[in-house]
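Shown below: target00.tsv, with TSV, C-alpha atoms.
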chain	number	residue	atom	x	y	z
A	1	ASP	CA	95.11	-103.85	64.22
A	2	ILE	CA	97.15	-102.73	61.21
A	3	MET	CA	94.21	-100.64	59.89
A	4	ASP	CA	93.95	-98.92	63.27
A	5	VAL	CA	97.61	-97.89	62.99
A	6	GLY	CA	96.86	-96.06	59.73
A	7	VAL	CA	97.70	-98.54	56.97
A	8	TYR	CA	95.61	-97.96	53.82
A	9	GLY	CA	94.86	-101.65	53.19
A	10	TYR	CA	96.18	-105.19	52.94
A	11	ILE	CA	96.35	-108.05	50.43
A	12	ILE	CA	95.48	-111.65	51.15
A	13	LYS	CA	97.64	-114.39	49.62
A	14	PRO	CA	97.75	-115.67	46.98
A	15	VAL	CA	98.41	-112.25	45.38
A	16	SER	CA	97.29	-111.58	41.79
A	17	ARG	CA	98.72	-108.85	39.62
A	18	ASP	CA	95.36	-107.11	39.16
A	19	MET	CA	94.66	-107.13	42.93
A	20	LEU	CA	98.13	-105.68	43.61
A	21	VAL	CA	97.66	-102.88	41.04
A	22	ILE	CA	94.18	-102.04	42.32
A	23	SER	CA	95.35	-101.97	45.94
A	24	ILE	CA	98.29	-99.68	45.08
A	25	GLU	CA	96.04	-97.35	43.06
A	26	ASN	CA	93.55	-97.16	45.94
A	27	ALA	CA	96.37	-96.50	48.37
A	28	LEU	CA	97.80	-93.71	46.19
A	29	ARG	CA	94.35	-92.20	45.71
A	30	HIS	CA	93.71	-92.38	49.45
A	31	HIS	CA	97.12	-90.84	50.16
A	32	LEU	CA	96.47	-88.00	47.70
A	33	LEU	CA	93.07	-87.27	49.29
A	34	GLU	CA	94.68	-87.27	52.70
A	35	LEU	CA	97.34	-84.79	51.56
A	36	GLN	CA	94.66	-82.54	50.07
A	37	MET	CA	92.60	-82.78	53.24
A	38	ARG	CA	95.62	-81.85	55.37
A	39	ALA	CA	96.39	-78.89	53.13
A	40	HIS	CA	92.77	-77.78	53.19
A	41	ARG	CA	92.64	-78.16	56.97
A	42	GLY	CA	95.82	-76.12	57.26
A	43	GLN	CA	94.32	-73.34	55.14
A	44	LEU	CA	91.13	-73.37	57.19
A	45	GLU	CA	93.11	-73.25	60.43
A	46	GLU	CA	95.21	-70.38	59.09
A	47	LYS	CA	92.09	-68.46	58.04
A	48	ALA	CA	90.41	-69.17	61.36
A	49	TRP	CA	93.49	-68.07	63.26
A	50	SER	CA	93.83	-64.93	61.14
A	51	ARG	CA	90.16	-64.11	61.67
A	52	LYS	CA	90.50	-64.76	65.39
A	53	GLU	CA	93.54	-62.50	65.53
A	54	LYS	CA	91.70	-59.72	63.69
A	55	LEU	CA	88.61	-60.03	65.87
A	56	GLY	CA	90.81	-60.10	68.96
A	57	ALA	CA	92.66	-56.96	67.85
A	58	ILE	CA	89.35	-55.20	67.14
A	59	MET	CA	87.88	-56.21	70.50
A	60	GLU	CA	90.97	-55.18	72.45
A	61	ASN	CA	91.19	-51.76	70.78
A	62	LEU	CA	87.53	-50.81	71.09
A	63	THR	CA	86.83	-47.66	73.11
A	64	ILE	CA	83.72	-49.28	74.56
A	65	GLY	CA	83.56	-52.12	77.06
A	66	VAL	CA	82.42	-55.57	75.92
A	67	ALA	CA	81.49	-58.42	78.27
A	68	MET	CA	79.86	-61.83	77.97
A	69	ILE	CA	77.33	-62.76	80.69
A	70	GLY	CA	76.28	-66.41	81.17
A	71	GLN	CA	72.86	-67.91	81.86
A	72	ASN	CA	73.41	-67.77	85.62
A	73	MET	CA	74.41	-64.08	85.46
A	74	GLU	CA	78.08	-64.99	85.74
A	75	LEU	CA	80.76	-62.93	84.03
A	76	LEU	CA	82.42	-65.06	81.32
A	77	GLU	CA	84.63	-62.75	79.26
A	78	MET	CA	85.71	-59.09	79.11
A	79	ASN	CA	87.72	-57.04	76.66
A	80	LYS	CA	90.66	-54.78	77.49
A	81	LYS	CA	88.55	-51.68	78.13
A	82	MET	CA	86.39	-53.53	80.65
A	83	HIS	CA	89.53	-54.72	82.44
A	84	GLU	CA	90.72	-51.11	82.63
A	85	TRP	CA	87.43	-49.93	84.16
A	86	PHE	CA	86.77	-52.97	86.39
A	87	PRO	CA	90.08	-54.81	87.02
A	88	ASP	CA	88.60	-56.95	89.82
A	89	ALA	CA	85.38	-57.90	88.03
A	90	LEU	CA	86.47	-61.44	87.11
A	91	SER	CA	87.41	-62.18	90.73
A	92	THR	CA	83.86	-61.63	92.05
A	93	GLY	CA	83.16	-65.32	92.54
A	94	GLY	CA	81.43	-65.82	89.22
A	95	GLU	CA	78.61	-63.36	89.94
A	96	CYS	CA	77.51	-60.47	87.78
A	97	PHE	CA	79.92	-57.67	88.55
A	98	HIS	CA	77.10	-55.10	88.52
A	99	LYS	CA	75.74	-56.66	91.72
A	100	CYS	CA	79.17	-56.64	93.32
A	101	LEU	CA	79.78	-53.02	92.38
A	102	ASN	CA	76.42	-51.55	93.38
A	103	HIS	CA	74.60	-54.00	95.63
A	104	ALA	CA	76.15	-55.28	98.83
A	105	SER	CA	73.03	-57.37	99.38
A	106	GLY	CA	73.71	-59.33	96.18
A	107	GLU	CA	70.25	-58.67	94.76
A	108	GLU	CA	69.63	-58.21	91.07
A	109	CYS	CA	69.71	-54.66	89.73
A	110	GLU	CA	66.30	-53.09	89.22
A	111	LEU	CA	65.13	-53.20	85.59
A	112	CYS	CA	68.30	-55.05	84.56
A	113	PRO	CA	68.47	-55.32	80.73
A	114	ILE	CA	70.72	-58.39	81.06
A	115	LEU	CA	67.91	-60.31	82.78
A	116	GLU	CA	65.46	-59.16	80.12
A	117	SER	CA	67.76	-60.40	77.36
A	118	LEU	CA	68.24	-63.77	79.11
A	119	LYS	CA	64.55	-64.33	79.86
A	120	LYS	CA	62.86	-62.83	76.80
A	121	GLY	CA	65.65	-63.00	74.20
A	122	THR	CA	65.30	-59.29	73.39
A	123	SER	CA	67.82	-56.46	73.26
A	124	GLY	CA	67.81	-53.90	76.04
A	125	THR	CA	69.37	-50.58	76.98
A	126	CYS	CA	69.70	-48.38	80.04
A	127	ILE	CA	71.89	-45.68	81.57
A	128	ARG	CA	73.74	-46.71	84.71
A	129	GLN	CA	76.28	-45.06	87.02
A	130	LEU	CA	79.18	-47.33	87.99
A	131	GLU	CA	82.31	-46.99	90.10
A	132	THR	CA	85.46	-47.45	87.97
A	133	THR	CA	89.18	-46.95	88.37
A	134	GLU	CA	88.56	-43.43	87.02
A	135	GLY	CA	85.89	-42.70	89.63
A	136	GLN	CA	82.12	-42.55	89.27
A	137	ARG	CA	81.20	-42.65	85.59
A	138	ASP	CA	77.94	-42.68	83.62
A	139	PHE	CA	77.50	-45.53	81.14
A	140	GLN	CA	75.00	-46.41	78.46
A	141	MET	CA	74.54	-50.17	78.65
A	142	LYS	CA	73.22	-52.18	75.70
A	143	THR	CA	72.55	-55.91	75.82
A	144	SER	CA	71.94	-58.46	73.07
A	145	PRO	CA	71.08	-62.17	73.49
A	146	VAL	CA	73.40	-64.86	72.12
A	147	HIS	CA	71.54	-67.88	70.69
A	148	ASN	CA	72.67	-71.41	69.96
A	149	LYS	CA	71.68	-73.40	66.86
A	150	ALA	CA	68.40	-74.40	68.52
A	151	GLY	CA	67.51	-70.73	69.05
A	152	GLU	CA	67.96	-70.87	72.83
A	153	VAL	CA	69.56	-67.96	74.69
A	154	ILE	CA	72.86	-69.19	76.11
A	155	ALA	CA	74.49	-65.86	77.01
A	156	VAL	CA	74.17	-62.08	76.75
A	157	LEU	CA	76.58	-59.69	75.06
A	158	GLU	CA	76.92	-56.46	77.03
A	159	LEU	CA	78.27	-53.19	75.61
A	160	LEU	CA	79.24	-50.31	77.92
A	161	GLU	CA	79.82	-46.82	76.51
A	162	ASP	CA	81.16	-44.05	78.75
A	163	ILE	CA	78.81	-41.09	78.27
A	164	THR	CA	79.91	-39.02	81.27
A	165	GLU	CA	81.22	-36.13	79.18
A	166	ARG	CA	78.26	-36.28	76.80
A	167	LEU	CA	75.76	-36.07	79.67
A	168	ALA	CA	77.75	-33.22	81.22
A	169	ASN	CA	77.70	-31.33	77.90
A	170	GLU	CA	73.96	-32.00	77.53
A	171	ARG	CA	73.32	-30.68	81.06
A	172	GLU	CA	75.46	-27.61	80.33
A	173	ALA	CA	73.60	-27.02	77.06
A	174	SER	CA	70.28	-27.39	78.90
A	175	LYS	CA	71.40	-24.79	81.45
A	176	ARG	CA	72.41	-22.41	78.67
A	177	GLN	CA	69.05	-22.87	76.96
A	178	LYS	CA	67.24	-22.15	80.23
A	179	LEU	CA	69.35	-19.02	80.81
A	180	GLU	CA	68.66	-17.89	77.24
A	181	ALA	CA	64.95	-18.43	77.77
A	182	VAL	CA	65.08	-16.48	81.05
A	183	GLY	CA	67.01	-13.70	79.30
A	184	GLN	CA	64.45	-13.49	76.51
A	185	LEU	CA	61.62	-13.47	79.05
A	186	ALA	CA	63.32	-10.73	81.08
A	187	SER	CA	63.93	-8.71	77.92
A	188	GLY	CA	60.27	-9.03	76.95
A	189	ILE	CA	59.13	-8.00	80.43
A	190	VAL	CA	61.48	-5.00	80.42
A	191	HIS	CA	60.15	-4.00	77.01
A	192	GLU	CA	56.53	-4.31	78.17
A	193	ILE	CA	57.32	-2.22	81.24
A	194	ASN	CA	59.41	0.34	79.39
A	195	THR	CA	56.71	1.18	76.84
A	196	PRO	CA	54.02	2.40	79.31
A	197	VAL	CA	56.68	4.05	81.49
A	198	GLN	CA	57.92	5.99	78.50
A	199	TYR	CA	54.33	6.94	77.66
A	200	VAL	CA	53.76	8.20	81.22
A	201	MET	CA	57.04	10.15	81.23
A	202	ASN	CA	56.21	11.84	77.92
A	203	ASN	CA	52.82	12.86	79.28
A	204	MET	CA	54.45	14.15	82.48
A	205	ASP	CA	56.85	16.26	80.41
A	206	PHE	CA	53.92	17.63	78.42
A	207	LEU	CA	51.97	18.42	81.59
A	208	GLN	CA	55.04	20.03	83.15
A	209	ASP	CA	55.53	22.32	80.14
A	210	SER	CA	51.82	23.10	80.00
A	211	PHE	CA	51.56	23.93	83.68
A	212	HIS	CA	54.66	26.10	83.39
A	213	ASP	CA	53.02	28.17	80.67
A	214	ILE	CA	49.74	28.37	82.61
A	215	THR	CA	51.62	29.37	85.76
A	216	GLU	CA	53.31	32.22	83.93
A	217	LEU	CA	49.99	33.35	82.46
A	218	ILE	CA	48.30	33.31	85.89
A	219	ALA	CA	51.23	35.26	87.31
A	220	GLN	CA	50.82	37.92	84.64
A	221	TYR	CA	47.08	38.16	85.31
A	222	GLU	CA	47.74	38.54	89.03
Would you kindly transcribe this structure into structure tokens?
Amino acid sequence: DIMDVGVYGYIIKPVSRDMLVISIENALRHHLLELQMRAHRGQLEEKAWSRKEKLGAIMENLTIGVAMIGQNMELLEMNKKMHEWFPDALSTGGECFHKCLNHASGEECELCPILESLKKGTSGTCIRQLETTEGQRDFQMKTSPVHNKAGEVIAVLELLEDITERLANEREASKRQKLEAVGQLASGIVHEINTPVQYVMNNMDFLQDSFHDITELIAQYE
């Protein structure tokens, strides 16, 4: 019972000097190891807490959304950006918030990369349009499986990047390229038309001058 309380040891009577010295030395050695272990544990806890704080600060200040999806497609964790876009996502009854946002029937999204990562353990990507607090936005979604020590997939890490402006700029650039191509084509057509027209006009001017001279000559003969 005394050992369970935390006492380092005990001495049975009759007590000899050597046994007393050895017991005290063992107790001091045990006490010193315990102090070192406490100090080491404190340092480890401080490092772990500092690392957790840093990782938390990084996650909360990311401009992309980060979410953790469980094996049953339930939403486990979200960072600050995800909360800003989907404030009610965690109150969806434990289901994947993509289904709640886009599918009233509750069916899985077609070609869902989360399912692929859960079933096959591979990374996936897709572009998806979602309703957010800022309205309808286009997102590039990337998923990566999270494995345990046995190599089994226990969750999926989801990254959402808002690419609405980028897609709009790409569409605008595509329109400009098409207009430039149409302009070049029209310029080429005009050039191809202008060359024979100019040739015909020059010949008409020549014929007009020639017929004028001939007309004068005929008039003189008459």
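Between Thr122 of chain A and the candidates A:His147, A:Lys13, A:Arg171, A:Arg137, the tightest atom-to-atom separation, counting only C-alpha atoms, involves A:His147.
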Separation of atom CA of Leu159 of chain A from atom CA of Ala67 of chain A, in Å and rounded to one decimal
6.7 Å
As an exercise, work out the distance from atom CA of Leu185 of chain A to atom CA of Arg166 of chain A in Å and give it to one decimal place.
28.3 Å
Which residues are close to Leu118 of chain A, i.e. within 8 Å by all atoms listed in the file, leaving aside same-chain residues fewer than 5 positions away? Reply as a ChimeraX atom specification.
/A:71,145,153-156
Suppose you want the space between atom CA of Ile163 of chain A and atom CA of Gln140 of chain A; what is it in Å?
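Computing it gives 6.5 Å between the two atoms.
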Between A:Glu116, A:His40, A:Arg51, A:Thr143, which residue has the minimum interatomic distance to Gly65 of chain A, considering all atoms listed in the file?
A:Thr143
Can you list, as a PyMOL selection string, every protein, DNA or RNA residue that comes within 9 Å of Gly124 of chain A when you count all atoms listed in the file, leaving out same-chain residues fewer than 3 positions away?
chain A and resi 112-114+116-117+141-144
Nearest to Glu158 of chain A, restricted to all atoms listed in the file and choosing among A:Leu115, A:Leu217, A:Asp18, A:Ala39, comes out as A:Leu115
Which residue is closest to Asp138 of chain A? Choose from A:Leu167, A:Leu157, A:Ile69, A:Ile2 and count all atoms listed in the file.
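Nearest to Asp138 of chain A: A:Leu167.
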